[in-house]
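Structure first, commentary second.
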Amino acid sequence: VPGRAAHGNRFRSGRGGEEASFHAVDPPLRGQRRGGLNAPMSETTGPTIPTVTGPAWSVPPLVTILEPDVLAPRRTFAAWLAEAGAEVRTVRLWDGDPVPALDDLGGAALLMGGVMSAHADAENPWLPGVRALLRGAVDADLPVLGVCLGAQVAAEALGDGRRAVAELPEGARLLASTAQARVHAWRCGSLLALQHHPEADPDRVAFWTARGAARRLGILEETSIAYGTPTADLSEPLRIAVSAARSRAEAVEPVTTVFGRALADSLVAAARIV
(Lines give C-alpha, C1' and ligand atoms only; values in the text may rest on other atoms or scores of the structure.)
Protein backbone atom coordinates (compact mmCIF):
# COMPACT_ATOMS: atom_id res chain seq x y z
CA VAL A 1 0.00 0.00 0.00
CA PRO A 2 1.54 3.38 -0.93
CA GLY A 3 2.82 5.20 2.12
CA ARG A 4 4.11 2.12 3.94
CA ALA A 5 7.43 2.81 5.65
CA ALA A 6 9.56 0.56 3.49
CA HIS A 7 12.11 0.94 0.75
CA GLY A 8 12.81 -0.97 -2.43
CA ASN A 9 9.58 -3.00 -2.23
CA ARG A 10 8.90 -5.22 -5.23
CA PHE A 11 5.51 -4.94 -6.84
CA ARG A 12 4.26 -5.86 -10.29
CA SER A 13 1.95 -3.46 -12.01
CA GLY A 14 1.12 -1.58 -15.18
CA ARG A 15 -1.06 -2.20 -18.22
CA GLY A 16 1.13 -5.03 -19.41
CA GLY A 17 1.73 -6.41 -15.94
CA GLU A 18 5.43 -5.63 -16.17
CA GLU A 19 7.55 -5.79 -13.06
CA ALA A 20 8.32 -2.46 -11.48
CA SER A 21 10.38 -1.58 -8.46
CA PHE A 22 8.45 0.61 -6.06
CA HIS A 23 10.60 2.80 -3.87
CA ALA A 24 8.16 3.79 -1.18
CA VAL A 25 8.49 6.89 0.94
CA ASP A 26 6.54 7.46 4.14
CA PRO A 27 5.74 11.18 4.15
CA PRO A 28 3.85 13.27 6.66
CA LEU A 29 0.34 13.88 5.34
CA ARG A 30 -1.71 17.03 5.34
CA GLY A 31 -5.21 16.64 6.72
CA GLN A 32 -5.06 14.45 9.80
CA ARG A 33 -7.98 12.12 9.13
CA ARG A 34 -8.31 9.29 11.58
CA GLY A 35 -8.53 6.50 9.02
CA GLY A 36 -8.93 5.49 5.41
CA LEU A 37 -6.57 7.12 2.92
CA ASN A 38 -4.90 9.15 5.65
CA ALA A 39 -4.72 6.30 8.14
CA PRO A 40 -1.47 5.40 9.89
CA MET A 41 0.33 2.48 8.26
CA SER A 42 1.24 -0.84 9.81
CA GLU A 43 4.29 -2.69 8.52
CA THR A 44 2.23 -5.86 8.15
CA THR A 45 -1.36 -4.85 7.59
CA GLY A 46 -1.29 -1.53 5.70
CA PRO A 47 -3.84 1.19 6.55
CA THR A 48 -5.40 1.14 9.99
CA ILE A 49 -9.15 1.21 9.41
CA PRO A 50 -11.00 3.09 12.19
CA THR A 51 -13.44 1.31 14.43
CA VAL A 52 -16.67 3.29 14.48
CA THR A 53 -20.05 2.27 15.85
CA GLY A 54 -23.48 3.79 15.83
CA PRO A 55 -26.11 4.78 13.25
CA ALA A 56 -23.72 6.84 11.08
CA TRP A 57 -21.58 3.79 10.39
CA SER A 58 -24.60 1.84 9.11
CA VAL A 59 -25.39 4.41 6.41
CA PRO A 60 -23.54 3.63 3.14
CA PRO A 61 -21.26 6.54 2.23
CA LEU A 62 -21.60 7.94 -1.28
CA VAL A 63 -18.52 7.58 -3.49
CA THR A 64 -18.62 9.28 -6.90
CA ILE A 65 -16.69 7.72 -9.79
CA LEU A 66 -15.75 10.07 -12.62
CA GLU A 67 -15.31 8.02 -15.81
CA PRO A 68 -13.50 9.92 -18.60
CA ASP A 69 -13.30 7.12 -21.17
CA VAL A 70 -15.42 4.11 -22.12
CA LEU A 71 -12.15 2.18 -22.66
CA ALA A 72 -11.27 2.47 -18.96
CA PRO A 73 -14.57 1.59 -17.27
CA ARG A 74 -15.28 1.76 -13.57
CA ARG A 75 -16.75 -1.78 -13.41
CA THR A 76 -14.13 -3.46 -11.19
CA PHE A 77 -13.58 -0.49 -8.90
CA ALA A 78 -17.34 0.00 -8.58
CA ALA A 79 -17.73 -3.62 -7.46
CA TRP A 80 -14.92 -3.28 -4.91
CA LEU A 81 -16.39 -0.05 -3.53
CA ALA A 82 -19.85 -1.61 -3.26
CA GLU A 83 -18.40 -4.66 -1.50
CA ALA A 84 -16.72 -2.28 0.96
CA GLY A 85 -20.12 -0.82 1.79
CA ALA A 86 -20.35 2.28 -0.41
CA GLU A 87 -23.19 3.65 -2.46
CA VAL A 88 -21.56 4.19 -5.86
CA ARG A 89 -22.55 6.86 -8.35
CA THR A 90 -20.94 7.04 -11.80
CA VAL A 91 -20.49 10.24 -13.82
CA ARG A 92 -19.77 9.26 -17.43
CA LEU A 93 -17.88 12.28 -18.68
CA TRP A 94 -17.32 10.62 -22.05
CA ASP A 95 -21.08 10.36 -22.52
CA GLY A 96 -21.84 13.99 -21.72
CA ASP A 97 -22.64 13.78 -18.01
CA PRO A 98 -21.92 17.16 -16.39
CA VAL A 99 -19.10 17.59 -13.92
CA PRO A 100 -20.71 17.46 -10.48
CA ALA A 101 -20.42 20.19 -7.89
CA LEU A 102 -18.08 19.58 -4.98
CA ASP A 103 -20.99 19.30 -2.56
CA ASP A 104 -22.52 16.54 -4.72
CA LEU A 105 -19.52 14.20 -4.64
CA GLY A 106 -20.51 12.63 -1.34
CA GLY A 107 -17.81 11.32 0.96
CA ALA A 108 -15.12 10.57 -1.64
CA ALA A 109 -14.35 10.56 -5.36
CA LEU A 110 -12.47 8.38 -7.83
CA LEU A 111 -11.19 9.73 -11.16
CA MET A 112 -10.55 6.90 -13.62
CA GLY A 113 -8.23 6.64 -16.62
CA GLY A 114 -8.54 7.31 -20.34
CA VAL A 115 -6.61 7.57 -23.58
CA MET A 116 -6.88 11.34 -23.97
CA SER A 117 -4.29 13.90 -22.92
CA ALA A 118 -4.82 15.52 -19.55
CA HIS A 119 -4.70 18.96 -21.19
CA ALA A 120 -6.74 18.28 -24.36
CA ASP A 121 -9.45 20.73 -23.32
CA ALA A 122 -10.72 21.39 -26.84
CA GLU A 123 -11.56 17.72 -27.44
CA ASN A 124 -12.70 17.11 -23.85
CA PRO A 125 -14.53 20.21 -22.60
CA TRP A 126 -15.15 18.64 -19.20
CA LEU A 127 -11.43 18.78 -18.29
CA PRO A 128 -11.34 22.35 -16.89
CA GLY A 129 -14.30 21.56 -14.66
CA VAL A 130 -12.69 18.37 -13.37
CA ARG A 131 -9.43 20.19 -12.61
CA ALA A 132 -11.35 22.83 -10.65
CA LEU A 133 -13.27 20.07 -8.85
CA LEU A 134 -10.03 18.34 -7.82
CA ARG A 135 -8.57 21.59 -6.50
CA GLY A 136 -11.73 22.15 -4.50
CA ALA A 137 -11.65 18.60 -3.14
CA VAL A 138 -8.07 18.99 -1.91
CA ASP A 139 -8.90 22.36 -0.34
CA ALA A 140 -11.91 20.74 1.38
CA ASP A 141 -9.85 17.70 2.47
CA LEU A 142 -12.22 15.38 0.61
CA PRO A 143 -10.70 11.93 -0.13
CA VAL A 144 -9.91 11.49 -3.84
CA LEU A 145 -8.19 8.68 -5.75
CA GLY A 146 -6.81 9.41 -9.23
CA VAL A 147 -5.85 6.50 -11.52
CA CYS A 148 -3.59 6.91 -14.59
CA LEU A 149 -5.25 9.77 -16.50
CA GLY A 150 -6.86 10.68 -13.20
CA ALA A 151 -3.40 11.11 -11.70
CA GLN A 152 -2.28 13.22 -14.66
CA VAL A 153 -5.34 15.47 -14.50
CA ALA A 154 -4.77 15.85 -10.76
CA ALA A 155 -1.13 16.81 -11.33
CA GLU A 156 -2.14 19.43 -13.88
CA ALA A 157 -4.85 20.73 -11.59
CA LEU A 158 -2.34 21.13 -8.79
CA GLY A 159 0.62 22.35 -10.81
CA ASP A 160 2.26 19.90 -13.30
CA GLY A 161 1.07 19.92 -16.92
CA ARG A 162 2.56 17.01 -18.81
CA ARG A 163 1.04 13.76 -20.10
CA ALA A 164 3.06 11.62 -17.70
CA VAL A 165 3.62 13.25 -14.34
CA ALA A 166 7.24 14.39 -14.44
CA GLU A 167 7.28 16.74 -11.46
CA LEU A 168 5.34 16.64 -8.24
CA PRO A 169 2.84 19.45 -7.75
CA GLU A 170 3.77 21.92 -5.05
CA GLY A 171 3.10 20.45 -1.62
CA ALA A 172 2.78 16.86 -2.91
CA ARG A 173 4.78 13.92 -1.57
CA LEU A 174 6.26 11.10 -3.63
CA LEU A 175 5.13 7.63 -2.55
CA ALA A 176 6.53 5.34 -5.25
CA SER A 177 8.73 5.33 -8.35
CA THR A 178 9.19 2.76 -11.12
CA ALA A 179 11.59 2.37 -14.02
CA GLN A 180 8.79 3.53 -16.31
CA ALA A 181 7.59 6.49 -14.23
CA ARG A 182 9.71 8.34 -11.70
CA VAL A 183 6.55 9.90 -10.27
CA HIS A 184 4.40 6.79 -10.10
CA ALA A 185 2.42 7.28 -6.90
CA TRP A 186 2.04 10.50 -4.94
CA ARG A 187 -0.34 12.34 -2.71
CA CYS A 188 -1.27 15.89 -1.94
CA GLY A 189 -3.38 16.28 1.16
CA SER A 190 -6.47 14.11 0.74
CA LEU A 191 -5.67 13.16 -2.89
CA LEU A 192 -3.85 9.93 -3.73
CA ALA A 193 -2.64 9.45 -7.33
CA LEU A 194 -1.43 6.30 -9.09
CA GLN A 195 -0.03 5.99 -12.60
CA HIS A 196 -1.05 2.34 -13.00
CA HIS A 197 -4.46 0.64 -13.15
CA PRO A 198 -5.05 -1.61 -10.10
CA GLU A 199 -8.43 -2.58 -11.57
CA ALA A 200 -7.05 -3.90 -14.88
CA ASP A 201 -7.73 -7.65 -15.03
CA PRO A 202 -6.13 -9.95 -17.66
CA ASP A 203 -9.02 -9.40 -20.09
CA ARG A 204 -8.64 -5.63 -19.90
CA VAL A 205 -4.85 -5.85 -20.25
CA ALA A 206 -5.24 -8.13 -23.31
CA PHE A 207 -7.73 -5.66 -24.86
CA TRP A 208 -5.47 -2.65 -24.34
CA THR A 209 -2.47 -4.59 -25.64
CA ALA A 210 -4.28 -5.70 -28.80
CA ARG A 211 -5.45 -2.20 -29.63
CA GLY A 212 -2.06 -0.67 -28.89
CA ALA A 213 -0.17 -3.24 -30.93
CA ALA A 214 -2.57 -2.87 -33.86
CA ARG A 215 -2.13 0.89 -33.83
CA ARG A 216 1.68 0.68 -33.66
CA LEU A 217 1.93 -1.96 -36.39
CA GLY A 218 -0.63 -0.30 -38.63
CA ILE A 219 -2.08 -3.69 -39.53
CA LEU A 220 -5.73 -2.85 -38.90
CA GLU A 221 -7.92 -0.21 -37.38
CA GLU A 222 -7.60 -0.45 -33.61
CA THR A 223 -11.28 0.40 -33.21
CA SER A 224 -12.20 -2.84 -34.98
CA ILE A 225 -10.94 -4.83 -31.98
CA ALA A 226 -13.76 -5.31 -29.50
CA TYR A 227 -13.34 -5.97 -25.81
CA GLY A 228 -13.39 -9.72 -25.23
CA THR A 229 -12.13 -10.66 -28.71
CA PRO A 230 -10.59 -14.15 -28.32
CA THR A 231 -6.83 -14.16 -28.72
CA ALA A 232 -7.15 -16.94 -31.32
CA ASP A 233 -9.18 -14.58 -33.55
CA LEU A 234 -6.39 -12.00 -33.75
CA SER A 235 -3.72 -11.89 -36.44
CA GLU A 236 -0.42 -13.55 -35.56
CA PRO A 237 1.58 -10.43 -34.58
CA LEU A 238 -1.21 -9.41 -32.21
CA ARG A 239 -1.61 -12.93 -30.81
CA ILE A 240 2.04 -12.98 -29.74
CA ALA A 241 1.83 -9.61 -27.96
CA VAL A 242 -1.55 -10.31 -26.38
CA SER A 243 -0.60 -13.81 -25.16
CA ALA A 244 2.52 -12.46 -23.45
CA ALA A 245 0.64 -9.57 -21.85
CA ARG A 246 -2.16 -11.82 -20.64
CA SER A 247 0.31 -14.26 -19.10
CA ARG A 248 2.04 -11.47 -17.19
CA ALA A 249 -1.29 -10.04 -16.02
CA GLU A 250 -2.54 -13.44 -14.86
CA ALA A 251 0.67 -14.01 -12.89
CA VAL A 252 0.25 -10.79 -10.91
CA GLU A 253 -3.55 -10.64 -10.71
CA PRO A 254 -3.69 -11.94 -7.10
CA VAL A 255 -1.39 -9.11 -5.98
CA THR A 256 -3.10 -6.35 -7.97
CA THR A 257 -6.52 -7.51 -6.77
CA VAL A 258 -5.48 -7.36 -3.11
CA PHE A 259 -3.96 -3.92 -3.72
CA GLY A 260 -7.07 -2.64 -5.51
CA ARG A 261 -9.45 -3.95 -2.87
CA ALA A 262 -7.33 -2.31 -0.15
CA LEU A 263 -7.57 1.00 -1.99
CA ALA A 264 -11.34 0.66 -2.24
CA ASP A 265 -11.66 -0.30 1.43
CA SER A 266 -9.54 2.69 2.45
CA LEU A 267 -11.48 5.10 0.24
CA VAL A 268 -14.79 3.94 1.70
CA ALA A 269 -13.44 4.13 5.26
CA ALA A 270 -12.28 7.69 4.62
CA ALA A 271 -15.65 8.57 3.06
CA ARG A 272 -17.46 7.42 6.21
CA ILE A 273 -15.70 9.95 8.42
CA VAL A 274 -15.68 13.01 6.19
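Naming scheme: A, B, ... for chains in displayed order of the C-alpha coordinates; residues 1 onward per chain; ligands 1 onward as shown.
For A:Leu111, the non-local neighbours within 9 Å, defined as residues at least 6 positions apart in the same chain or in other chains and counting only C-alpha atoms, are Thr64, Ile65, Leu66, Glu67, Pro68, Val144, Leu145, Gly146, Val147, Cys148, Leu149, Gly150, Ala151, Val153 and Ala154 of chain A.
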N, CA and C atoms of the current selection, written as a PDB file, in the first residue's frame:
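Dumped everything to selection.pdb:
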ATOM      1  N   THR A  64     -18.361   8.931  -5.511  1.00  0.00           N
ATOM      2  CA  THR A  64     -18.619   9.280  -6.897  1.00  0.00           C
ATOM      3  C   THR A  64     -17.440   8.873  -7.767  1.00  0.00           C
ATOM      4  N   ILE A  65     -17.713   8.097  -8.820  1.00  0.00           N
ATOM      5  CA  ILE A  65     -16.688   7.717  -9.792  1.00  0.00           C
ATOM      6  C   ILE A  65     -16.843   8.590 -11.028  1.00  0.00           C
ATOM      7  N   LEU A  66     -15.783   9.292 -11.389  1.00  0.00           N
ATOM      8  CA  LEU A  66     -15.754  10.073 -12.616  1.00  0.00           C
ATOM      9  C   LEU A  66     -15.074   9.228 -13.691  1.00  0.00           C
ATOM     10  N   GLU A  67     -15.792   8.926 -14.763  1.00  0.00           N
ATOM     11  CA  GLU A  67     -15.310   8.018 -15.808  1.00  0.00           C
ATOM     12  C   GLU A  67     -15.062   8.813 -17.088  1.00  0.00           C
ATOM     13  N   PRO A  68     -13.789   9.114 -17.418  1.00  0.00           N
ATOM     14  CA  PRO A  68     -13.495   9.925 -18.603  1.00  0.00           C
ATOM     15  C   PRO A  68     -13.604   9.188 -19.929  1.00  0.00           C
ATOM     16  N   VAL A 144      -9.844  11.693  -2.399  1.00  0.00           N
ATOM     17  CA  VAL A 144      -9.908  11.490  -3.843  1.00  0.00           C
ATOM     18  C   VAL A 144      -8.820  10.504  -4.245  1.00  0.00           C
ATOM     19  N   LEU A 145      -9.158   9.584  -5.153  1.00  0.00           N
ATOM     20  CA  LEU A 145      -8.192   8.679  -5.752  1.00  0.00           C
ATOM     21  C   LEU A 145      -8.166   8.929  -7.248  1.00  0.00           C
ATOM     22  N   GLY A 146      -6.975   9.209  -7.803  1.00  0.00           N
ATOM     23  CA  GLY A 146      -6.805   9.406  -9.232  1.00  0.00           C
ATOM     24  C   GLY A 146      -5.995   8.274  -9.824  1.00  0.00           C
ATOM     25  N   VAL A 147      -6.493   7.657 -10.904  1.00  0.00           N
ATOM     26  CA  VAL A 147      -5.852   6.499 -11.522  1.00  0.00           C
ATOM     27  C   VAL A 147      -5.436   6.846 -12.950  1.00  0.00           C
ATOM     28  N   CYS A 148      -4.159   6.702 -13.260  1.00  0.00           N
ATOM     29  CA  CYS A 148      -3.594   6.907 -14.595  1.00  0.00           C
ATOM     30  C   CYS A 148      -3.932   8.309 -15.101  1.00  0.00           C
ATOM     31  N   LEU A 149      -4.853   8.437 -16.066  1.00  0.00           N
ATOM     32  CA  LEU A 149      -5.248   9.771 -16.504  1.00  0.00           C
ATOM     33  C   LEU A 149      -5.722  10.597 -15.317  1.00  0.00           C
ATOM     34  N   GLY A 150      -6.414   9.965 -14.387  1.00  0.00           N
ATOM     35  CA  GLY A 150      -6.864  10.684 -13.198  1.00  0.00           C
ATOM     36  C   GLY A 150      -5.714  11.301 -12.432  1.00  0.00           C
ATOM     37  N   ALA A 151      -4.586  10.585 -12.354  1.00  0.00           N
ATOM     38  CA  ALA A 151      -3.396  11.113 -11.697  1.00  0.00           C
ATOM     39  C   ALA A 151      -2.812  12.274 -12.486  1.00  0.00           C
ATOM     40  N   VAL A 153      -4.454  14.312 -14.619  1.00  0.00           N
ATOM     41  CA  VAL A 153      -5.344  15.473 -14.500  1.00  0.00           C
ATOM     42  C   VAL A 153      -5.157  16.134 -13.131  1.00  0.00           C
ATOM     43  N   ALA A 154      -4.993  15.308 -12.094  1.00  0.00           N
ATOM     44  CA  ALA A 154      -4.775  15.854 -10.757  1.00  0.00           C
ATOM     45  C   ALA A 154      -3.475  16.645 -10.699  1.00  0.00           C
TER      46      ALA A 154
END
Could you give me, as CSV, a per-residue list for stretch 49-116 of chain A showing, wherever an atom lies at most 6 Å from an atom of stretch 266-272 of chain A, the closest pair of atoms and their distance in Å to one decimal, using only C-alpha atoms and sorting by chain then residue number from low to high?
residue,atom,partner,partner_atom,distance
A:Pro61,CA,A:Arg272,CA,5.6
A:Gly107,CA,A:Ala271,CA,4.1
A:Ala108,CA,A:Ala271,CA,5.1
Near stretch 80-86 of chain A, 6 Å: stretch 171-268 of chain A residue rows, closest pairs, only C-alpha atoms, as CSV:
residue,atom,partner,partner_atom,distance
A:Arg261,CA,A:Trp80,CA,5.9
A:Ala264,CA,A:Leu81,CA,5.3
A:Asp265,CA,A:Ala84,CA,5.5
Using DSSP on the backbone coordinates, identify the residues of stretch 66-260 of chain A assigned to alpha helix (DSSP H); present them as JSON, numbers by chain.
{"A": [75, 76, 77, 78, 79, 80, 81, 82, 83, 127, 128, 129, 130, 131, 132, 133, 134, 135, 136, 137, 138, 139, 149, 150, 151, 152, 153, 154, 155, 156, 157, 158, 202, 203, 204, 205, 206, 207, 208, 209, 210, 211, 212, 213, 214, 215, 216, 217, 236, 237, 238, 239, 240, 241, 242, 243, 244, 245, 246, 247, 248, 249, 250, 251, 252, 253, 254, 255, 256, 257, 258, 259, 260]}
Using only C-alpha atoms: which of A:Arg135, A:His197, A:His184, A:Arg211 has the shortest distance to A:Leu158:
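Ranked by minimum distance to A:Leu158, first place goes to A:Arg135.
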